[in-house]
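All remarks here apply to the structure that follows.
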Amino acid sequence: MNSYSTDIKRIAALITGCFFLYSCENDINEIMDFDAKSTGIEIAKKVTVHYSINGKRKAILTSPLMYRVQDTVPYVEFPKTIHVDFFGEKDSIDSKLDARYAKYKETRSIVFLKDSVRVINVLGDTLYCDELYWDLKRTGAEFYTDKPVRIRTRTQIINGIGMEARQDFKEYHIVHPTGIVSVPASQFPN
């Protein structure tokens, strides 16, 4: 074999090798798009979910954005606020819930709520906290947290750490109360 033919084969091998090295480079956006598609993410906008048991309306959930992720533990995520109206026996609203973020783990029937969580009952009693769990399996204590809470009634501000409450928020228990301030209704802050 002559040296010319050997040089051509080396140059061809070098060019081919460079081509393969160049073609193996990936764009980070393409990788992220592929990864999102492979994990099975469904996206929905302007979502309204009606929840009922035995034909009776129990809740209406609304959110501007919802992700449903099929992962080893499937979940539904609401990254841009969530609002829920809870209905009682007479098909009237018993309580309302608002949060800036929520994540629902389907296999456990638990919703994790965080960031400016607020629950209001028909009396106007209002719960404020940064984190709250809503567990559909805990009958009579569906809402709970181990974080700081503040409850405002018509005449009191109640602070504490940890809380359990019914979904209609008519009954609640603060685990470690840290203070109660009585305020006349006429002087109650907004």
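Starting from 1 in every chain, residues are counted up; chains themselves are A, B, ... following the order of the structure tokens, and ligands are numbered from 1 as listed.
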Who sits within 10 Å of Asp91 (chain A), only C-alpha atoms, same chain under 6 positions skipped, as a PDB file with N, CA and C atoms, in the first residue's frame:
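Written output follows (part04.pdb):
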ATOM      1  N   LYS A  56     -73.449  14.290  45.011  1.00  0.00           N
ATOM      2  CA  LYS A  56     -73.549  15.548  45.757  1.00  0.00           C
ATOM      3  C   LYS A  56     -72.278  16.364  45.549  1.00  0.00           C
ATOM      4  N   ARG A  57     -72.464  17.612  45.180  1.00  0.00           N
ATOM      5  CA  ARG A  57     -71.330  18.505  44.953  1.00  0.00           C
ATOM      6  C   ARG A  57     -70.600  18.755  46.267  1.00  0.00           C
ATOM      7  N   LYS A  58     -69.284  18.571  46.250  1.00  0.00           N
ATOM      8  CA  LYS A  58     -68.460  18.779  47.441  1.00  0.00           C
ATOM      9  C   LYS A  58     -67.494  19.949  47.282  1.00  0.00           C
ATOM     10  N   ALA A  59     -66.995  20.162  46.059  1.00  0.00           N
ATOM     11  CA  ALA A  59     -66.023  21.239  45.866  1.00  0.00           C
ATOM     12  C   ALA A  59     -65.928  21.604  44.396  1.00  0.00           C
TER      13      ALA A  59
END
Neighbours of region 122-133 of chain A within 9 Å (only C-alpha atoms; same-chain residues fewer than 3 positions away dropped), as a PDB file with C-alpha atoms, in the first residue's frame?
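To be explicit, this is the file written out as part_29.pdb:
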ATOM      1  CA  ILE A  93     -70.610  27.147  50.171  1.00  0.00           C
ATOM      2  CA  ASP A  94     -69.278  26.212  53.637  1.00  0.00           C
ATOM      3  CA  SER A  95     -65.716  27.470  53.193  1.00  0.00           C
ATOM      4  CA  LYS A  96     -63.266  28.827  50.638  1.00  0.00           C
ATOM      5  CA  ALA A  99     -53.171  29.443  47.941  1.00  0.00           C
ATOM      6  CA  ILE A 110     -53.269  14.518  49.897  1.00  0.00           C
ATOM      7  CA  VAL A 111     -52.969  18.114  48.684  1.00  0.00           C
ATOM      8  CA  PHE A 112     -49.994  20.188  49.850  1.00  0.00           C
ATOM      9  CA  LEU A 113     -50.714  23.923  49.818  1.00  0.00           C
ATOM     10  CA  LYS A 114     -48.160  26.654  50.353  1.00  0.00           C
ATOM     11  CA  ASP A 115     -47.501  30.358  50.040  1.00  0.00           C
ATOM     12  CA  SER A 116     -50.216  32.685  51.362  1.00  0.00           C
ATOM     13  CA  VAL A 117     -52.707  29.956  52.253  1.00  0.00           C
ATOM     14  CA  ARG A 118     -56.080  31.290  53.384  1.00  0.00           C
ATOM     15  CA  VAL A 119     -59.262  29.456  54.424  1.00  0.00           C
ATOM     16  CA  GLU A 142     -59.026  17.288  56.647  1.00  0.00           C
ATOM     17  CA  PHE A 143     -56.859  20.410  57.084  1.00  0.00           C
ATOM     18  CA  TYR A 144     -53.674  20.209  59.145  1.00  0.00           C
ATOM     19  CA  THR A 145     -50.247  21.775  59.534  1.00  0.00           C
ATOM     20  CA  ASP A 146     -47.324  21.797  61.959  1.00  0.00           C
ATOM     21  CA  LYS A 147     -46.318  25.324  60.938  1.00  0.00           C
ATOM     22  CA  PRO A 148     -47.349  28.722  62.410  1.00  0.00           C
ATOM     23  CA  VAL A 149     -50.999  29.719  61.942  1.00  0.00           C
ATOM     24  CA  ARG A 150     -53.114  32.795  62.555  1.00  0.00           C
ATOM     25  CA  ILE A 151     -56.891  32.663  62.868  1.00  0.00           C
ATOM     26  CA  ARG A 152     -58.999  35.801  62.812  1.00  0.00           C
ATOM     27  CA  THR A 153     -62.541  35.667  64.134  1.00  0.00           C
ATOM     28  CA  ARG A 154     -64.954  38.587  64.570  1.00  0.00           C
ATOM     29  CA  ASP A 168     -65.761  23.515  56.475  1.00  0.00           C
ATOM     30  CA  PHE A 169     -63.458  25.283  58.988  1.00  0.00           C
ATOM     31  CA  LYS A 170     -66.274  25.554  61.549  1.00  0.00           C
TER      32      LYS A 170
END
Residue list (helix (DSSP H, G or I), DSSP) for region 31-181 of chain A, as number ranges by chain: A: 31-39
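Between Lys105 (chain A) and the residues A:His83, A:Arg68, A:Arg138, A:His173, the shortest atom-to-atom distance, using only C-alpha atoms, involves A:Arg68.
The space separating CA of Phe87 (chain A) from CA of Gln167 (chain A) comes to 9.6 Å.
Reported to one decimal place, the separation of CA of Leu61 (chain A) from CA of Glu106 (chain A) is 15.5 Å.
Distance-wise, CA of Ile161 (chain A) and CA of Pro79 (chain A) end up 25.7 Å apart.
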Hey, what's within 8 Å of Gln70 (chain A) if we count only C-alpha atoms and toss same-chain stuff fewer than 3 positions away? As a PDB file with C-alpha atoms, in the first residue's frame, please?
ATOM      1  CA  THR A  39     -41.932  11.977  31.812  1.00  0.00           C
ATOM      2  CA  GLY A  40     -45.484  12.499  30.565  1.00  0.00           C
ATOM      3  CA  ILE A  41     -46.466  16.031  31.558  1.00  0.00           C
ATOM      4  CA  VAL A  73     -45.519   8.814  42.073  1.00  0.00           C
ATOM      5  CA  PRO A  74     -48.023  10.658  39.834  1.00  0.00           C
ATOM      6  CA  TYR A  75     -49.054  14.135  40.925  1.00  0.00           C
TER       7      TYR A  75
END
Strand (DSSP E or B) residues, from DSSP on the backbone, in region 14-144 of chain A, as an MDAnalysis selection string: chainID A and resid 41:53 56:69 75:78 82:87 93:99 101:105 110:121 126:135 143:144
